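Here's the structure we're looking at; comments come further down.
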Amino acid sequence: MVGDRESEPFWSEFLHSLRARVPGGGRPVIADHRGGPVKALRKVRPGDFV
């Protein structure tokens with residue numbers, strides 16, 4: 001999946017697709033605090049966000 005946006009809807013879709021493809025959903029890492037990815041991670045994987 002390729003995206004050119006930092007929006008929460010794009011990242012939510014990406015994280016849901018990752019969960020479907022990777023056993024256990026993987027352990028995503030976000031190196032910055034851009035709004036879209038952070039909001040999506042909190043929504044899709046709330047226990048993984050630190």
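Following the order of the structure tokens, chains are lettered A, B, ..., residues in each are numbered from 1, and ligands are numbered from 1.
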
(Q) Need to verify the contact set: stretch 38-45 of chain A, 6 Å, only C-alpha atoms, exclusion of same-chain residues closer than 2 positions in sequence. Can you return it as a PyMOL selection string? (A) chain A and resi 8+11-12+35-36+47-48
